[in-house]
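Colleague: File my_file-v6.cif below, mmCIF, C-alpha atoms:
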data_coords
#
loop_
_atom_site.group_PDB
_atom_site.id
_atom_site.type_symbol
_atom_site.label_atom_id
_atom_site.label_comp_id
_atom_site.auth_asym_id
_atom_site.auth_seq_id
_atom_site.Cartn_x
_atom_site.Cartn_y
_atom_site.Cartn_z
ATOM 1 C CA MET C 1 117.141 100.823 84.189
ATOM 2 C CA ALA C 2 120.785 101.700 84.817
ATOM 3 C CA LYS C 3 121.702 105.317 85.462
ATOM 4 C CA THR C 4 124.337 106.803 83.189
ATOM 5 C CA PHE C 5 124.602 110.225 84.801
ATOM 6 C CA LEU C 6 124.955 110.433 88.566
ATOM 7 C CA LYS C 7 125.454 113.264 91.039
ATOM 8 C CA PRO C 8 129.061 113.325 92.270
ATOM 9 C CA LYS C 9 129.452 112.158 95.852
ATOM 10 C CA CYS C 10 131.340 115.345 96.644
ATOM 11 C CA LEU C 11 128.331 117.532 95.791
ATOM 12 C CA SER C 12 125.725 118.118 98.482
ATOM 13 C CA ASP C 13 121.959 118.151 97.952
ATOM 14 C CA GLN C 14 121.817 121.873 98.762
ATOM 15 C CA GLU C 15 119.954 123.967 96.192
ATOM 16 C CA THR C 16 122.330 126.622 94.856
ATOM 17 C CA HIS C 17 121.831 130.381 94.982
ATOM 18 C CA TYR C 18 123.322 131.071 91.555
ATOM 19 C CA CYS C 19 121.365 132.985 88.920
ATOM 20 C CA PRO C 20 119.667 131.163 86.014
ATOM 21 C CA GLY C 21 122.232 130.437 83.321
ATOM 22 C CA CYS C 22 125.224 130.896 85.625
ATOM 23 C CA THR C 23 127.937 128.353 84.906
ATOM 24 C CA HIS C 24 129.349 128.164 88.449
ATOM 25 C CA GLY C 25 127.245 125.032 88.926
ATOM 26 C CA ILE C 26 128.955 123.300 86.003
ATOM 27 C CA ILE C 27 132.386 124.162 87.369
ATOM 28 C CA HIS C 28 131.402 122.939 90.847
ATOM 29 C CA ARG C 29 130.419 119.636 89.306
ATOM 30 C CA LEU C 30 133.717 119.306 87.445
ATOM 31 C CA VAL C 31 135.672 119.928 90.654
ATOM 32 C CA ALA C 32 133.564 117.352 92.501
ATOM 33 C CA GLU C 33 133.946 114.790 89.720
ATOM 34 C CA ALA C 34 137.726 115.191 89.723
ATOM 35 C CA ILE C 35 137.946 114.745 93.479
ATOM 36 C CA ASP C 36 135.640 111.715 93.360
ATOM 37 C CA ALA C 37 137.628 110.130 90.541
ATOM 38 C CA LEU C 38 140.939 110.605 92.340
ATOM 39 C CA GLY C 39 139.546 109.341 95.649
ATOM 40 C CA ILE C 40 140.842 112.287 97.651
ATOM 41 C CA ALA C 41 137.667 113.693 99.252
ATOM 42 C CA GLY C 42 138.727 112.643 102.741
ATOM 43 C CA ARG C 43 141.834 114.809 102.628
ATOM 44 C CA THR C 44 140.658 117.740 100.489
ATOM 45 C CA VAL C 45 140.243 121.294 101.787
ATOM 46 C CA GLY C 46 138.718 124.015 99.626
ATOM 47 C CA ILE C 47 139.130 127.757 100.152
ATOM 48 C CA ALA C 48 136.031 129.833 99.376
ATOM 49 C CA PRO C 49 136.417 133.378 97.989
ATOM 50 C CA VAL C 50 134.522 136.608 98.397
ATOM 51 C CA GLY C 51 132.281 136.863 95.372
ATOM 52 C CA CYS C 52 129.466 134.862 93.807
ATOM 53 C CA ALA C 53 130.984 131.646 95.176
ATOM 54 C CA VAL C 54 131.320 133.026 98.703
ATOM 55 C CA ILE C 55 129.138 130.214 100.106
ATOM 56 C CA CYS C 56 130.284 127.472 97.758
ATOM 57 C CA TYR C 57 131.177 125.448 100.861
ATOM 58 C CA ASN C 58 127.449 124.672 101.120
ATOM 59 C CA TYR C 59 127.592 122.742 97.862
ATOM 60 C CA PHE C 60 130.454 120.351 98.611
ATOM 61 C CA THR C 61 130.679 117.550 101.182
ATOM 62 C CA PHE C 62 134.355 117.916 102.088
ATOM 63 C CA ASP C 63 136.064 120.502 104.298
ATOM 64 C CA PHE C 64 136.158 124.198 103.406
ATOM 65 C CA GLN C 65 137.573 127.406 104.815
ATOM 66 C CA GLU C 66 136.460 130.984 104.083
ATOM 67 C CA ALA C 67 139.104 133.553 103.143
ATOM 68 C CA ALA C 68 139.020 137.337 103.219
ATOM 69 C CA HIS C 69 138.633 139.048 99.836
ATOM 70 C CA GLY C 70 141.546 138.044 97.589
ATOM 71 C CA ARG C 71 143.437 136.194 100.324
ATOM 72 C CA ALA C 72 142.547 132.617 99.430
ATOM 73 C CA PRO C 73 146.073 131.851 98.089
ATOM 74 C CA ALA C 74 147.603 133.024 101.377
ATOM 75 C CA MET C 75 145.258 130.797 103.364
ATOM 76 C CA ALA C 76 145.907 127.877 101.019
ATOM 77 C CA THR C 77 149.654 128.393 101.432
ATOM 78 C CA GLY C 78 149.366 128.210 105.201
ATOM 79 C CA ILE C 79 147.208 125.092 105.210
ATOM 80 C CA LYS C 80 149.355 123.267 102.660
ATOM 81 C CA ARG C 81 152.613 124.074 104.441
ATOM 82 C CA VAL C 82 151.286 122.944 107.818
ATOM 83 C CA ARG C 83 149.550 119.865 106.374
ATOM 84 C CA PRO C 84 151.316 118.917 103.122
ATOM 85 C CA ASP C 85 149.371 115.647 103.123
ATOM 86 C CA LEU C 86 146.147 117.526 102.375
ATOM 87 C CA MET C 87 144.813 118.368 98.920
ATOM 88 C CA VAL C 88 144.192 122.117 99.000
ATOM 89 C CA PHE C 89 142.509 124.259 96.358
ATOM 90 C CA THR C 90 141.164 127.780 96.023
ATOM 91 C CA TYR C 91 138.020 128.567 94.052
ATOM 92 C CA GLN C 92 138.071 132.230 92.993
ATOM 93 C CA GLY C 93 136.416 134.700 90.653
ATOM 94 C CA ASP C 94 138.048 137.432 88.597
ATOM 95 C CA GLY C 95 137.344 140.265 91.034
ATOM 96 C CA ASP C 96 138.665 138.254 93.966
ATOM 97 C CA LEU C 97 141.747 136.830 92.247
ATOM 98 C CA ALA C 98 142.696 139.293 89.513
ATOM 99 C CA SER C 99 142.000 142.536 91.373
ATOM 100 C CA ILE C 100 142.416 142.682 95.147
ATOM 101 C CA GLY C 101 144.068 139.237 95.139
ATOM 102 C CA MET C 102 146.481 139.819 92.245
ATOM 103 C CA GLY C 103 149.559 140.003 94.465
ATOM 104 C CA GLU C 104 148.516 136.925 96.434
ATOM 105 C CA ILE C 105 148.159 134.625 93.427
ATOM 106 C CA VAL C 106 151.257 135.897 91.609
ATOM 107 C CA HIS C 107 153.520 135.402 94.598
ATOM 108 C CA ALA C 108 152.009 132.021 95.495
ATOM 109 C CA ALA C 109 152.621 130.819 91.944
ATOM 110 C CA ASN C 110 156.113 132.288 91.910
ATOM 111 C CA ARG C 111 156.948 130.478 95.157
ATOM 112 C CA GLY C 112 155.718 127.256 93.628
ATOM 113 C CA GLU C 113 153.175 126.544 96.362
ATOM 114 C CA LYS C 114 151.786 123.042 95.908
ATOM 115 C CA PHE C 115 148.071 123.845 95.843
ATOM 116 C CA THR C 116 145.515 124.166 93.047
ATOM 117 C CA THR C 117 143.493 127.190 91.950
ATOM 118 C CA VAL C 118 140.261 127.117 89.964
ATOM 119 C CA PHE C 119 139.802 130.622 88.549
ATOM 120 C CA VAL C 120 136.362 131.554 87.185
ATOM 121 C CA ASN C 121 136.565 134.348 84.597
ATOM 122 C CA ASN C 122 133.176 135.851 83.744
ATOM 123 C CA ALA C 123 134.543 139.306 82.885
ATOM 124 C CA VAL C 124 132.644 141.159 85.616
ATOM 125 C CA TYR C 125 132.198 141.579 89.363
ATOM 126 C CA GLY C 126 129.152 139.371 89.877
ATOM 127 C CA MET C 127 128.043 139.466 93.515
ATOM 128 C CA THR C 128 128.658 143.147 94.216
ATOM 129 C CA GLY C 129 126.631 144.661 91.399
ATOM 130 C CA GLY C 130 128.218 144.067 88.026
ATOM 131 C CA GLN C 131 131.144 146.484 88.142
ATOM 132 C CA MET C 132 134.084 146.393 85.727
ATOM 133 C CA ALA C 133 136.638 143.730 86.608
ATOM 134 C CA PRO C 134 140.286 143.403 85.501
ATOM 135 C CA THR C 135 139.004 140.860 82.952
ATOM 136 C CA THR C 136 136.171 142.997 81.511
ATOM 137 C CA MET C 137 136.364 143.130 77.725
ATOM 138 C CA PRO C 138 137.042 146.323 75.703
ATOM 139 C CA ASP C 139 133.816 148.286 75.182
ATOM 140 C CA GLN C 140 131.919 145.902 77.487
ATOM 141 C CA LYS C 141 129.246 147.742 79.458
ATOM 142 C CA THR C 142 129.114 147.325 83.225
ATOM 143 C CA THR C 143 127.582 149.309 86.066
ATOM 144 C CA THR C 144 130.809 151.312 86.377
ATOM 145 C CA THR C 145 131.432 151.514 82.620
ATOM 146 C CA PRO C 146 127.962 152.327 81.219
ATOM 147 C CA PHE C 147 129.536 153.427 77.918
ATOM 148 C CA GLY C 148 131.872 150.445 77.756
ATOM 149 C CA ARG C 149 135.392 149.724 78.986
ATOM 150 C CA ARG C 150 137.693 152.388 77.567
ATOM 151 C CA VAL C 151 141.109 150.801 77.210
ATOM 152 C CA GLU C 152 142.819 154.165 76.728
ATOM 153 C CA GLU C 153 141.801 155.003 80.292
ATOM 154 C CA VAL C 154 141.942 151.686 82.163
ATOM 155 C CA GLY C 155 144.062 149.421 79.962
ATOM 156 C CA MET C 156 143.349 146.080 78.356
ATOM 157 C CA PRO C 157 141.826 143.099 80.187
ATOM 158 C CA VAL C 158 144.330 141.104 82.234
ATOM 159 C CA ARG C 159 145.146 137.624 80.940
ATOM 160 C CA MET C 160 145.874 135.842 84.222
ATOM 161 C CA ALA C 161 146.870 132.506 82.713
ATOM 162 C CA GLU C 162 149.421 134.111 80.412
ATOM 163 C CA LEU C 163 150.738 136.288 83.242
ATOM 164 C CA LEU C 164 151.346 133.304 85.534
ATOM 165 C CA ALA C 165 152.764 131.216 82.696
ATOM 166 C CA THR C 166 155.636 133.712 82.296
ATOM 167 C CA LEU C 167 156.987 132.838 85.745
ATOM 168 C CA SER C 168 160.069 130.650 85.676
ATOM 169 C CA THR C 169 158.754 128.532 88.565
ATOM 170 C CA PRO C 170 157.434 125.149 87.405
ATOM 171 C CA GLY C 171 153.660 125.013 87.219
ATOM 172 C CA TYR C 172 150.608 123.745 85.392
ATOM 173 C CA ILE C 173 148.669 126.644 83.857
ATOM 174 C CA SER C 174 145.598 126.050 81.713
ATOM 175 C CA ARG C 175 142.617 127.986 80.384
ATOM 176 C CA GLN C 176 139.391 126.209 79.572
ATOM 177 C CA ALA C 177 135.694 127.068 79.190
ATOM 178 C CA VAL C 178 132.234 125.717 80.002
ATOM 179 C CA LEU C 179 130.340 127.298 77.116
ATOM 180 C CA ALA C 180 129.479 124.068 75.261
ATOM 181 C CA PRO C 181 129.760 120.320 75.947
ATOM 182 C CA LYS C 182 133.053 119.993 74.063
ATOM 183 C CA TYR C 183 134.575 122.703 76.227
ATOM 184 C CA VAL C 184 133.194 121.176 79.422
ATOM 185 C CA LEU C 185 134.886 117.857 78.667
ATOM 186 C CA ARG C 186 138.240 119.594 78.151
ATOM 187 C CA ALA C 187 137.784 121.611 81.338
ATOM 188 C CA LYS C 188 137.077 118.414 83.254
ATOM 189 C CA LYS C 189 140.347 116.895 82.059
ATOM 190 C CA ALA C 190 142.312 120.029 82.951
ATOM 191 C CA ILE C 191 140.872 120.253 86.473
ATOM 192 C CA ARG C 192 141.605 116.599 87.112
ATOM 193 C CA LYS C 193 145.137 117.067 85.769
ATOM 194 C CA ALA C 194 145.642 120.037 88.099
ATOM 195 C CA PHE C 195 144.696 117.942 91.134
ATOM 196 C CA GLN C 196 146.830 115.072 89.861
ATOM 197 C CA TYR C 197 149.909 117.312 89.768
ATOM 198 C CA GLN C 198 149.208 118.306 93.359
ATOM 199 C CA MET C 199 148.810 114.658 94.381
ATOM 200 C CA GLU C 200 152.265 114.031 92.938
ATOM 201 C CA ASN C 201 153.614 117.103 94.781
ATOM 202 C CA ARG C 202 154.837 118.366 91.421
ATOM 203 C CA CYS C 203 153.925 122.046 91.197
ATOM 204 C CA PHE C 204 151.473 124.875 91.612
ATOM 205 C CA SER C 205 148.456 124.281 89.360
ATOM 206 C CA PHE C 206 145.997 126.814 87.965
ATOM 207 C CA VAL C 207 142.950 126.319 85.750
ATOM 208 C CA GLU C 208 141.185 129.413 84.430
ATOM 209 C CA VAL C 209 137.622 128.747 83.284
ATOM 210 C CA ILE C 210 135.805 131.104 80.915
ATOM 211 C CA SER C 211 132.309 131.457 82.335
ATOM 212 C CA THR C 212 129.182 133.578 81.845
ATOM 213 C CA CYS C 213 127.169 136.040 83.935
ATOM 214 C CA PRO C 214 123.821 136.519 82.140
ATOM 215 C CA THR C 215 122.339 138.650 84.942
ATOM 216 C CA ASN C 216 125.073 141.270 85.050
ATOM 217 C CA TRP C 217 125.679 141.117 81.315
ATOM 218 C CA GLY C 218 121.985 141.897 80.746
ATOM 219 C CA MET C 219 121.532 138.876 78.486
ATOM 220 C CA THR C 220 119.627 135.625 78.343
ATOM 221 C CA PRO C 221 121.703 132.518 79.129
ATOM 222 C CA THR C 222 121.838 131.630 75.429
ATOM 223 C CA GLU C 223 122.868 135.151 74.448
ATOM 224 C CA ALA C 224 125.557 135.111 77.146
ATOM 225 C CA ILE C 225 127.069 131.885 75.837
ATOM 226 C CA ASP C 226 127.082 133.226 72.272
ATOM 227 C CA TRP C 227 128.670 136.513 73.395
ATOM 228 C CA ALA C 228 131.366 134.747 75.410
ATOM 229 C CA GLN C 229 132.287 132.507 72.486
ATOM 230 C CA LYS C 230 132.437 135.371 70.005
ATOM 231 C CA THR C 231 134.015 138.011 72.253
ATOM 232 C CA MET C 232 135.960 136.342 75.041
ATOM 233 C CA LEU C 233 137.470 133.249 73.433
ATOM 234 C CA PRO C 234 139.430 135.143 70.749
ATOM 235 C CA TYR C 235 141.065 137.223 73.493
ATOM 236 C CA TYR C 236 141.315 134.408 76.025
ATOM 237 C CA PRO C 237 142.503 131.410 73.940
ATOM 238 C CA LEU C 238 141.933 127.978 75.423
ATOM 239 C CA GLY C 239 144.472 125.277 76.155
ATOM 240 C CA ASP C 240 147.436 124.431 78.374
ATOM 241 C CA LEU C 241 149.845 127.351 78.593
ATOM 242 C CA LYS C 242 152.415 125.700 80.821
ATOM 243 C CA THR C 243 153.140 122.183 82.037
ATOM 244 C CA PRO C 244 155.889 120.934 84.370
ATOM 245 C CA GLU C 245 158.814 118.954 83.064
ATOM 246 C CA PRO C 246 158.223 115.178 82.890
ATOM 247 C CA VAL C 247 159.453 113.159 85.834
ATOM 248 C CA LYS C 248 162.790 111.550 84.990
ATOM 249 C CA GLU C 249 162.904 107.798 85.467
ATOM 250 C CA GLY C 250 165.532 106.387 87.765
#
So, in terms of structure tokens, how does the structure I just supplied come out?
Modeller:
Amino acid sequence: MAKTFLKPKCLSDQETHYCPGCTHGIIHRLVAEAIDALGIAGRTVGIAPVGCAVICYNYFTFDFQEAAHGRAPAMATGIKRVRPDLMVFTYQGDGDLASIGMGEIVHAANRGEKFTTVFVNNAVYGMTGGQMAPTTMPDQKTTTTPFGRRVEEVGMPVRMAELLATLSTPGYISRQAVLAPKYVLRAKKAIRKAFQYQMENRCFSFVEVISTCPTNWGMTPTEAIDWAQKTMLPYYPLGDLKTPEPVKEG
């Protein structure tokens, strides 16, 4: 009997450490499928973050580097400038990218660095204990906001995709989700498109992915998906926010 669903070649056989219901595994698969489909595994280098995905290099079969907290864009910039023939991407969470790494990603995007970023937004610091992140929703309870995020004290959640899309530098900026099959299919297309733009040396590319964290949210996986769809998606609308100008013929 023919198989219709196969493990991507770029994913290892290593059992993951992620919590039950965590959607990092889905996003890993989408990245691996895009790299397999484009045939670029032999020249791809990923940059691992500090956060839940700190050891994501165990789950892929191509080369990886580990960056200090928030500094993945700086490392990606260095690798890509020294070896522009490589396909370089960072894989970062909201604490890593939108907090300590905010300056790194903004300036990399503004410079138009030709690498790709996959940004996982689960509205909380996952690995370090469930603290409030820049993306935490209003009134959302975390270990550092037990009564909910008070926007009058700490401001509204940061919309990273919209922030980067305001830059005048050409880029591909998209926000997708992995909360249901229809969203996963769209996220897969966006991630592949982001790598395609890098292959063409077109622009910086950034795909934000709305994810869940059932453990730190104090919910079951099903409850977490429902909460993310009802609470996060209205504030973090999905779709392409910015695309580079078409290549002119001739």
Colleague: For the provided coordinates, the residues matched by the PyMOL selection byres ((chain C and resi 183-195) around 7) should be stated as a compact mmCIF listing (two decimals) with C-alpha atoms, in the coordinates of the input.
Modeller:
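Contents of the output file selection.txt:
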# COMPACT_ATOMS: atom_id res chain seq x y z
CA LEU C 30 133.72 119.31 87.44
CA VAL C 31 135.67 119.93 90.65
CA ALA C 34 137.73 115.19 89.72
CA THR C 116 145.51 124.17 93.05
CA TYR C 172 150.61 123.74 85.39
CA SER C 174 145.60 126.05 81.71
CA GLN C 176 139.39 126.21 79.57
CA ALA C 177 135.69 127.07 79.19
CA VAL C 178 132.23 125.72 80.00
CA LEU C 179 130.34 127.30 77.12
CA ALA C 180 129.48 124.07 75.26
CA PRO C 181 129.76 120.32 75.95
CA LYS C 182 133.05 119.99 74.06
CA GLN C 196 146.83 115.07 89.86
CA TYR C 197 149.91 117.31 89.77
CA GLN C 198 149.21 118.31 93.36
CA MET C 199 148.81 114.66 94.38
CA SER C 205 148.46 124.28 89.36
CA PHE C 206 146.00 126.81 87.96
CA VAL C 207 142.95 126.32 85.75
Colleague: Check what the PyMOL selection byres ((chain C and resi 74-83) around 9) selects in the file above and give those residues as a PyMOL selection string.
Modeller: chain C and resi 45-47+65-67+70-73+84-90+104-105+108+113-116
Colleague: Expanded to explicit residues, what is the PyMOL selection byres ((chain C and resi 33) around 9) for this file, as a PyMOL selection string?
Modeller: chain C and resi 7-11+28-32+34-38+188+192
Colleague: Given the point (133.2, 117.5, 101.0) in the coordinates of this file, which residues lie within 7 Å, counting only C-alpha atoms, and how would they look as a list in words?
Modeller: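 Residues lying no farther than 7 Å from the given point: Cys10, Ala41, Phe60, Thr61, Phe62 and Asp63 of chain C.
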Colleague: Find the residue from C:Gly130, C:Gly51, C:Pro244, C:Gly101 that sits nearest to Thr169 (chain C); use only C-alpha atoms when measuring.
Modeller: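 Comparing C:Gly130, C:Gly51, C:Pro244, C:Gly101 against Thr169 (chain C), the winner is C:Pro244.
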Colleague: Please list as a ChimeraX atom specification every residue within 12 Å of Val50 (chain C), counting only C-alpha atoms and excluding residues in the same chain fewer than 2 positions away.
Modeller: /C:47-48,52-57,65-72,90-97,99-101,125-128
Colleague: Counting only C-alpha atoms, what is within 8 Å of Gly171 (chain C), bar same-chain residues fewer than 6 positions away, as an mmCIF file with C-alpha atoms, in the frame of the given file?
Modeller:
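part.cif, freshly written:
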data_model
loop_
_atom_site.group_PDB
_atom_site.id
_atom_site.type_symbol
_atom_site.label_atom_id
_atom_site.label_comp_id
_atom_site.auth_asym_id
_atom_site.auth_seq_id
_atom_site.Cartn_x
_atom_site.Cartn_y
_atom_site.Cartn_z
ATOM 1 C CA ALA C 109 152.621 130.819 91.944
ATOM 2 C CA GLY C 112 155.718 127.256 93.628
ATOM 3 C CA ALA C 165 152.764 131.216 82.696
ATOM 4 C CA ARG C 202 154.837 118.366 91.421
ATOM 5 C CA CYS C 203 153.925 122.046 91.197
ATOM 6 C CA PHE C 204 151.473 124.875 91.612
ATOM 7 C CA SER C 205 148.456 124.281 89.360
ATOM 8 C CA PHE C 206 145.997 126.814 87.965
ATOM 9 C CA LYS C 242 152.415 125.700 80.821
ATOM 10 C CA THR C 243 153.140 122.183 82.037
ATOM 11 C CA PRO C 244 155.889 120.934 84.370
#
Colleague: Work out how far CA of Cys22 (chain C) is from CA of Phe5 (chain C), in Å to one decimal.
Modeller: 20.7 Å
Colleague: Could you please determine the separation between CA of Asn122 (chain C) and CA of Met102 (chain C) in Å, to one decimal place?
Modeller: 16.3 Å
Colleague: Do you have the CA of Asp139 (chain C)-CA of Asn216 (chain C) distance handy?
Modeller: 14.9 Å
Colleague: Which neighbours of region 146-159 of chain C fall inside 12 Å, counting only C-alpha atoms, when residues of the same chain fewer than 5 positions from it are skipped, and could you give them as an mmCIF file with C-alpha atoms, in the frame of the given file?
Modeller:
data_model
loop_
_atom_site.group_PDB
_atom_site.id
_atom_site.type_symbol
_atom_site.label_atom_id
_atom_site.label_comp_id
_atom_site.auth_asym_id
_atom_site.auth_seq_id
_atom_site.Cartn_x
_atom_site.Cartn_y
_atom_site.Cartn_z
ATOM 1 C CA ASP C 94 138.048 137.432 88.597
ATOM 2 C CA GLY C 95 137.344 140.265 91.034
ATOM 3 C CA LEU C 97 141.747 136.830 92.247
ATOM 4 C CA ALA C 98 142.696 139.293 89.513
ATOM 5 C CA SER C 99 142.000 142.536 91.373
ATOM 6 C CA MET C 102 146.481 139.819 92.245
ATOM 7 C CA PHE C 119 139.802 130.622 88.549
ATOM 8 C CA ASN C 121 136.565 134.348 84.597
ATOM 9 C CA ASN C 122 133.176 135.851 83.744
ATOM 10 C CA ALA C 123 134.543 139.306 82.885
ATOM 11 C CA VAL C 124 132.644 141.159 85.616
ATOM 12 C CA GLY C 130 128.218 144.067 88.026
ATOM 13 C CA GLN C 131 131.144 146.484 88.142
ATOM 14 C CA MET C 132 134.084 146.393 85.727
ATOM 15 C CA ALA C 133 136.638 143.730 86.608
ATOM 16 C CA PRO C 134 140.286 143.403 85.501
ATOM 17 C CA THR C 135 139.004 140.860 82.952
ATOM 18 C CA THR C 136 136.171 142.997 81.511
ATOM 19 C CA MET C 137 136.364 143.130 77.725
ATOM 20 C CA PRO C 138 137.042 146.323 75.703
ATOM 21 C CA ASP C 139 133.816 148.286 75.182
ATOM 22 C CA GLN C 140 131.919 145.902 77.487
ATOM 23 C CA LYS C 141 129.246 147.742 79.458
ATOM 24 C CA LEU C 164 151.346 133.304 85.534
ATOM 25 C CA ALA C 165 152.764 131.216 82.696
ATOM 26 C CA THR C 166 155.636 133.712 82.296
ATOM 27 C CA ILE C 173 148.669 126.644 83.857
ATOM 28 C CA SER C 174 145.598 126.050 81.713
ATOM 29 C CA ARG C 175 142.617 127.986 80.384
ATOM 30 C CA GLU C 208 141.185 129.413 84.430
ATOM 31 C CA VAL C 209 137.622 128.747 83.284
ATOM 32 C CA ILE C 210 135.805 131.104 80.915
ATOM 33 C CA TRP C 217 125.679 141.117 81.315
ATOM 34 C CA MET C 232 135.960 136.342 75.041
ATOM 35 C CA LEU C 233 137.470 133.249 73.433
ATOM 36 C CA PRO C 234 139.430 135.143 70.749
ATOM 37 C CA TYR C 235 141.065 137.223 73.493
ATOM 38 C CA TYR C 236 141.315 134.408 76.025
ATOM 39 C CA PRO C 237 142.503 131.410 73.940
ATOM 40 C CA LEU C 238 141.933 127.978 75.423
ATOM 41 C CA LEU C 241 149.845 127.351 78.593
#
